[in-house]
>>> print(open('coords07.txt').read())   # compact mmCIF, C-alpha atoms
# COMPACT_ATOMS: atom_id res chain seq x y z
CA MET F 1 5.63 42.29 -25.71
CA SER F 2 7.30 44.98 -27.78
CA THR F 3 5.42 45.29 -31.01
CA ASP F 4 6.05 48.58 -32.77
CA LEU F 5 2.57 50.11 -33.02
CA SER F 6 3.73 53.71 -33.25
CA TYR F 7 1.75 55.86 -35.58
CA ALA F 8 3.89 58.91 -36.25
CA GLY F 9 1.91 62.08 -36.27
CA ASN F 10 -1.33 60.56 -34.93
CA PRO F 11 -1.56 61.32 -31.20
CA VAL F 12 -4.74 59.25 -30.71
CA ALA F 13 -3.17 56.17 -32.31
CA GLU F 14 0.01 56.68 -30.26
CA ALA F 15 -1.99 56.99 -27.04
CA TYR F 16 -4.03 53.88 -27.92
CA SER F 17 -0.87 51.94 -28.78
CA SER F 18 0.71 52.95 -25.46
CA PHE F 19 -2.47 51.95 -23.60
CA ILE F 20 -2.58 48.51 -25.27
CA LEU F 21 1.09 47.85 -24.50
CA THR F 22 0.65 48.88 -20.86
CA LEU F 23 -2.48 46.75 -20.54
CA SER F 24 -0.82 43.68 -22.07
CA ASP F 25 2.28 44.10 -19.89
CA SER F 26 0.05 44.36 -16.83
CA PHE F 27 -1.90 41.25 -17.85
CA VAL F 28 1.28 39.23 -18.47
CA GLU F 29 2.77 40.35 -15.14
CA HIS F 30 -0.44 39.44 -13.28
CA ALA F 31 -0.67 36.03 -14.97
CA THR F 32 3.02 35.32 -14.24
CA GLU F 33 2.52 36.27 -10.60
CA ARG F 34 -0.57 34.07 -10.17
CA MET F 35 0.97 31.05 -11.87
CA ASN F 36 4.33 31.64 -10.16
CA THR F 37 6.30 30.60 -13.23
CA ARG F 38 9.49 32.34 -12.07
CA ILE F 39 11.74 30.77 -9.47
CA GLU F 40 11.27 32.71 -6.25
CA SER F 41 14.19 32.75 -3.80
CA LYS F 42 13.46 33.38 -0.13
CA GLN F 43 15.59 33.91 2.93
CA VAL F 44 14.06 34.03 6.40
CA GLU F 45 15.45 34.20 9.90
CA PHE F 46 13.76 31.51 11.98
CA ASN F 47 14.75 30.62 15.55
CA GLY F 48 18.11 32.31 15.07
CA GLN F 49 18.80 30.31 11.91
CA ARG F 50 19.10 31.72 8.38
CA VAL F 51 16.85 29.52 6.22
CA THR F 52 17.01 29.81 2.44
CA TYR F 53 14.74 28.09 -0.08
CA GLU F 54 13.22 28.46 -3.54
CA TYR F 55 9.83 27.68 -4.99
CA GLN F 56 8.27 27.72 -8.42
CA LEU F 57 4.72 27.01 -9.58
CA TRP F 58 3.79 27.26 -5.89
CA ARG F 59 5.93 24.20 -5.08
CA LEU F 60 9.00 24.03 -2.89
CA ARG F 61 12.22 23.07 -4.64
CA PRO F 62 13.54 20.66 -1.96
CA ASN F 63 17.16 20.71 -3.13
CA SER F 64 17.24 24.48 -2.68
CA VAL F 65 16.50 24.38 1.06
CA CYS F 66 19.60 25.59 2.92
CA ALA F 67 21.67 24.97 -0.22
CA HIS F 68 24.15 27.62 0.91
CA LEU F 69 25.27 25.20 3.68
CA LYS F 70 25.61 21.93 1.76
CA GLN F 71 29.39 21.89 2.27
CA ASP F 72 28.98 21.80 6.07
CA LEU F 73 26.89 18.75 6.96
CA LEU F 74 26.15 19.71 10.58
CA ALA F 75 25.13 23.29 9.71
CA PHE F 76 23.12 21.98 6.73
CA SER F 77 21.32 19.53 9.01
CA LYS F 78 20.53 22.21 11.59
CA CYS F 79 19.27 24.59 8.91
CA GLY F 80 17.12 21.88 7.28
CA GLN F 81 15.51 21.02 10.60
CA SER F 82 14.76 24.72 11.19
CA ALA F 83 13.32 24.96 7.67
CA GLN F 84 11.03 22.01 8.32
CA GLN F 85 9.80 23.64 11.53
CA PHE F 86 9.35 26.96 9.68
CA PHE F 87 7.22 25.26 6.99
CA HIS F 88 5.06 23.58 9.67
CA GLU F 89 4.54 26.77 11.65
CA THR F 90 3.84 28.86 8.54
CA CYS F 91 1.29 26.29 7.36
CA ARG F 92 -0.36 26.29 10.77
CA TYR F 93 -0.50 30.10 10.88
CA LEU F 94 -1.91 30.45 7.36
CA THR F 95 -4.49 27.73 8.02
CA GLN F 96 -5.63 29.33 11.28
CA ASN F 97 -5.81 32.82 9.72
CA PRO F 98 -7.73 32.36 6.46
CA SER F 99 -8.10 35.01 3.79
CA SER F 100 -10.04 35.15 0.55
CA HIS F 101 -7.09 36.63 -1.35
CA TRP F 102 -5.82 34.29 -4.08
CA ALA F 103 -2.20 34.61 -2.88
CA HIS F 104 -3.14 33.41 0.61
CA THR F 105 -4.62 30.23 -0.82
CA ARG F 106 -1.51 29.58 -2.92
CA GLN F 107 0.88 30.29 -0.06
CA THR F 108 -1.09 28.01 2.25
CA GLN F 109 -0.81 25.28 -0.38
CA LEU F 110 2.94 25.95 -0.79
CA TYR F 111 3.81 25.84 2.92
CA CYS F 112 1.49 23.00 3.88
CA ASN F 113 2.84 20.84 1.04
CA ALA F 114 6.38 21.76 2.06
CA ALA F 115 5.61 20.88 5.68
CA SER F 116 4.36 17.44 4.76
CA GLN F 117 6.85 16.60 2.00
CA TYR F 118 10.19 18.17 2.97
CA LYS F 119 12.51 15.79 4.82
CA PRO F 120 15.70 17.39 6.13
CA THR F 121 19.06 15.66 6.34
CA ILE F 122 19.69 14.81 9.96
CA ALA F 123 23.26 14.55 11.19
CA GLU F 124 24.60 14.33 14.71
CA VAL F 125 28.05 14.05 16.16
CA ARG F 126 28.39 12.59 19.64
CA ARG F 127 31.39 11.64 21.69
CA SER F 128 31.59 7.96 22.41
CA ASN F 129 31.56 6.94 26.03
CA PRO F 130 34.77 4.99 26.62
CA ASN F 131 33.39 3.64 29.91
CA ALA F 132 30.31 2.17 28.22
CA THR F 133 32.01 -1.17 27.58
CA SER F 134 34.65 -3.01 29.51
CA ASP F 135 38.12 -3.54 28.10
CA ALA F 136 37.36 -7.25 27.65
CA SER F 137 34.17 -6.49 25.75
CA GLN F 138 36.01 -3.96 23.59
CA ALA F 139 38.75 -6.51 22.84
CA GLN F 140 36.10 -9.08 21.93
CA ARG F 141 34.45 -6.64 19.49
CA GLN F 142 37.80 -5.90 17.89
CA GLN F 143 38.53 -9.64 17.57
CA CYS F 144 35.10 -10.13 15.95
CA SER F 145 35.83 -7.35 13.42
CA ILE F 146 39.21 -8.88 12.57
CA LEU F 147 37.70 -12.33 12.11
CA ARG F 148 34.90 -10.94 9.91
CA MET F 149 37.46 -9.35 7.62
CA GLU F 150 39.58 -12.50 7.56
CA ALA F 151 36.56 -14.72 6.80
CA LEU F 152 35.59 -12.45 3.90
CA ARG F 153 39.12 -12.54 2.55
CA ASN F 154 39.90 -16.24 2.49
CA LYS F 155 36.65 -18.17 3.17
CA ASP F 156 38.50 -20.66 5.41
CA PRO F 157 35.91 -22.80 7.29
CA TYR F 158 38.03 -22.70 10.46
CA VAL F 159 38.15 -18.87 10.39
CA ILE F 160 34.41 -18.71 9.69
CA GLN F 161 33.78 -20.99 12.67
CA GLN F 162 35.98 -18.81 14.90
CA ARG F 163 34.22 -15.66 13.62
CA ASP F 164 30.81 -17.12 14.39
CA GLN F 165 31.91 -18.25 17.84
CA VAL F 166 33.46 -14.90 18.84
CA CYS F 167 30.81 -12.68 17.23
CA ASN F 168 27.82 -14.67 18.54
CA ALA F 169 29.20 -14.36 22.07
CA ILE F 170 28.97 -10.56 21.75
CA ASP F 171 25.36 -10.41 20.60
>>> encode(input="coords07.txt", output="structure tokens")
Amino acid sequence: MSTDLSYAGNPVAEAYSSFILTLSDSFVEHATERMNTRIESKQVEFNGQRVTYEYQLWRLRPNSVCAHLKQDLLAFSKCGQSAQQFFHETCRYLTQNPSSHWAHTRQTQLYCNAASQYKPTIAEVRRSNPNATSDASQAQRQQCSILRMEALRNKDPYVIQQRDQVCNAID
């Protein structure tokens, strides 16, 4: 708020104008802080993992969680799972340690809502166990896959019958 209320030569009017501007700036800043209208960016270290997230109007912006890692699916998954745990533990801590301060109430609401609503992307990479199936079973699965593709391609009743026979023997 920058209204020109200067009264040249009148020190009382200038002092009053300065007071009003300071008071209004303070009020606007306090209201903005309480309503949380600005996007707040946070970065925390949790269980050895750097977790980033944003919130606005005391609500988590889910797409912002670990956004810095979206290009690396495994790292993004790990970060998201840490974030979810962080939100749960922060909610639990704030709930178990109440305060009458308005910010405590808002932060409890923020983290408890985040804990219940945020769902991380979960990705895992595992090595297959080549000894898990016999060579005959593996060959049968491959034959089933080939027959499924062939049956989709030409709709031949004989191929469909073969597909069903081979694939049903696996299941």
>>> closest_residue(input="coords07.txt", among="F:Thr121, F:Thr90, F:Asn154, F:Gln162", to="F:Ala67", atoms="all atoms listed in the file")
F:Thr121
>>> atom_distance(input="coords07.txt", atom1="atom CA of F:Gln142", atom2="atom CA of F:Glu124")
24.4 Å
>>> closest_residue(input="coords07.txt", among="F:Gln85, F:Asn36, F:Gln96, F:Gln140", to="F:Tyr118", atoms="only C-alpha atoms")
F:Gln85
>>> atom_distance(input="coords07.txt", atom1="atom CA of F:Gln56", atom2="atom CA of F:Cys91")
17.3 Å
>>> atom_distance(input="coords07.txt", atom1="atom CA of F:Tyr53", atom2="atom CA of F:Cys79")
10.7 Å
>>> closest_residue(input="coords07.txt", among="F:Gln49, F:Gln107, F:Ser41, F:Ser145", to="F:Val166", atoms="only C-alpha atoms")
F:Ser145
>>> closest_residue(input="coords07.txt", among="F:Ala115, F:Cys66, F:Cys167, F:Leu73", to="F:Gln138", atoms="all atoms listed in the file")
F:Cys167
>>> residues_near_point(input="coords07.txt", point="(4.0, 29.3, 2.0)", cutoff="12 Å", atoms="all atoms listed in the file", output="PyMOL selection string")
chain F and resi 40+42+44+53-60+83-84+86-95+103-115
>>> closest_residue(input="coords07.txt", among="F:Val51, F:Leu152, F:Ile146, F:Ala136", to="F:Ala75", atoms="all atoms listed in the file")
F:Val51
>>> closest_residue(input="coords07.txt", among="F:Pro157, F:Pro120, F:Pro98, F:Gly80", to="F:Arg50", atoms="all atoms listed in the file")
F:Gly80
